[in-house]
Amino acid sequence: ISSQRLVADLLPLVKNLLIPSGYKIVVVGHSLGAGCATIVSLLLRASIPSLRADSDKKLKVWAFASPPVLDLDSSRGCSSFVTTVVNNCDVVPRFNIGPFVVTVRLLRAMHKRLKERNLGMTDLLLKDWLKKSHNDLEEEECDDEKDEMLMSMEEYVLAINDAISRSDDHDPDHLYVPGKVLVLYDLWEKEQVFEEGRKESTKDYATILKEWVKHLKEEDTLRSIDEVHAKNVPMAEEAILSDGTCKALRLIEFDGRLIDDHLASSYRSSIANILSSVENTTVA
């Protein structure tokens with residue numbers, strides 16, 4: 001409703017002045033505003049034929065932390081003019097029935113493993129097994145079976161893939177974040193990350209981020225890296241270019257940064273950190 005009201009107010013200005021004058025329309029939003037930005041762009045395209053004919057040059061949407069607002073076909077259909085940026089574990093882009101279903105399936109797989117060991121969830125939490133990394137276990141002498149990981153990393157990945165594969169991507173109840181999706185992430189085990197069928201080079205996502213940065217007019221909009229480190233703001237280190245079906249967005253990550261990663265300041269910090277890393281690599 002808010003998007004419809006906004007378009008009703010802006011349409012005469014955009015249609016009769018901005019488009020004929022040769023201006024490019026850039027719509028930006030964060031969180032709920034990002035979802036509204038996408039809907040506004042779709043309503044503008046529906047009302048202005050010239051935007052449909054050449055939308056990638058005349059209309060651009062930057063959706064930061066957008067909630068899932070479109071079905072699969074619509075989400076992919078707007079990839080020419082919508083770019084969604086997702087910061088690490090941000091819960092909002094995953095806030096839909098699809099990721100909840102996948103997460104429940106994963107928890108059921110873990111519960112099954114607990115039953116096989118005659119354990120309950122309380123035992124798991126008390127032992128703090130989910131917080132142990134493989135490196136921690138290698139450093140400890142674990143003669144007791146109770147000190148083993150509940151699942152190996154390979155088993156965990158297989159459980160996630162199985163949970164996702166049982167979902168129907170075209171289920172009308174499942175919504176996706178719109179357009180091209182740039183997922184910013186932290187390096188966990190410092191291993192190279194592959195997104196099957198969708199891997200893009202560092203240059204590609206760096207170009208996308210720089211395209212956004214050039215729209216910023218205030219010099220202090222993006223924090224300097226030194227300021228970010230001084231304030232200990234969480235930052236992502238790498239990025240992959242995908243779409244709303246990216247596996248990283250198909251389940252809820254139980255991480256302490258679910259909310260922190262959603263903040264606009266965290267997005268600015270992650271983008272600044274990645275761009276700084278890319279520039280340093282290019283110079284080297």
# chains A, B, ... in the order shown; residues from 1 in each chain; ligands from 1

call {"tool": "residues_around", "arguments": {"residues": "A:Val61", "least_positions_apart": "5", "cutoff": "9 Å", "atoms": "only C-alpha atoms", "output": "list in words"}}
result
Ile25, Val26, Val27, Val28, Gly29, Ala34, Ala37, Thr38, Ser41, Phe81, Val82, Thr83 and Thr84 of chain A

call {"tool": "residues_around", "arguments": {"residues": "stretch 108-112 of chain A", "least_positions_apart": "2", "cutoff": "10 Å", "atoms": "only C-alpha atoms", "output": "NGL selection string"}}
result
:A and (102-106 or 114-121 or 124 or 150-151 or 156 or 159-160 or 162-163)

call {"tool": "write_last_selection", "arguments": {"atoms": "C-alpha atoms", "output": "compact mmCIF listing (two decimals), in the first residue's frame"}}
result
# COMPACT_ATOMS: atom_id res chain seq x y z
CA VAL A 102 14.46 -25.96 5.53
CA THR A 103 15.69 -25.02 9.01
CA VAL A 104 13.08 -27.24 10.66
CA ARG A 105 14.14 -30.15 8.45
CA LEU A 106 17.74 -29.60 9.47
CA LEU A 114 20.53 -37.20 19.10
CA LYS A 115 18.01 -40.02 19.48
CA GLU A 116 20.50 -42.45 17.96
CA ARG A 117 22.82 -41.55 20.82
CA ASN A 118 20.05 -41.59 23.42
CA LEU A 119 20.52 -37.88 24.01
CA GLY A 120 18.22 -34.88 24.12
CA MET A 121 18.57 -31.26 23.07
CA LEU A 124 23.54 -31.02 23.38
CA LEU A 150 27.12 -34.40 16.62
CA MET A 151 27.64 -34.20 12.85
CA TYR A 156 25.94 -31.27 8.00
CA ALA A 159 21.66 -32.58 5.59
CA ILE A 160 21.30 -28.99 4.36
CA ASP A 162 18.74 -32.72 1.39
CA ALA A 163 16.48 -30.23 3.21

call {"tool": "closest_residue", "arguments": {"among": "A:Gly98, A:Gly256, A:Asn273, A:Arg52", "to": "A:Arg166", "atoms": "only C-alpha atoms"}}
result
A:Gly98

call {"tool": "select_by_dssp", "arguments": {"residues": "stretch 50-98 of chain A", "states": "strand (DSSP E or B)", "output": "PyMOL selection string"}}
result
chain A and resi 59-64+70+82-87

call {"tool": "atom_distance", "arguments": {"atom1": "atom CA of A:Ser50", "atom2": "atom CA of A:Ala63"}}
result
22.2 Å

call {"tool": "atom_distance", "arguments": {"atom1": "atom CA of A:Ile274", "atom2": "atom CA of A:Tyr185"}}
result
9.8 Å

call {"tool": "select_by_dssp", "arguments": {"residues": "stretch 11-124 of chain A", "states": "helix (DSSP H, G or I)", "output": "VMD selection string"}}
result
chain A and resid 11 to 18 32 to 47 49 to 53 55 to 58 72 to 77 92 to 94 97 to 116 121 to 124

call {"tool": "residues_around", "arguments": {"residues": "A:Pro99", "least_positions_apart": "3", "cutoff": "10 Å", "atoms": "only C-alpha atoms", "output": "PyMOL selection string"}}
result
chain A and resi 93-96+102-105+163-164+167+174-176+247-253

call {"tool": "atom_distance", "arguments": {"atom1": "atom CA of A:Cys89", "atom2": "atom CA of A:Leu258"}}
result
5.3 Å
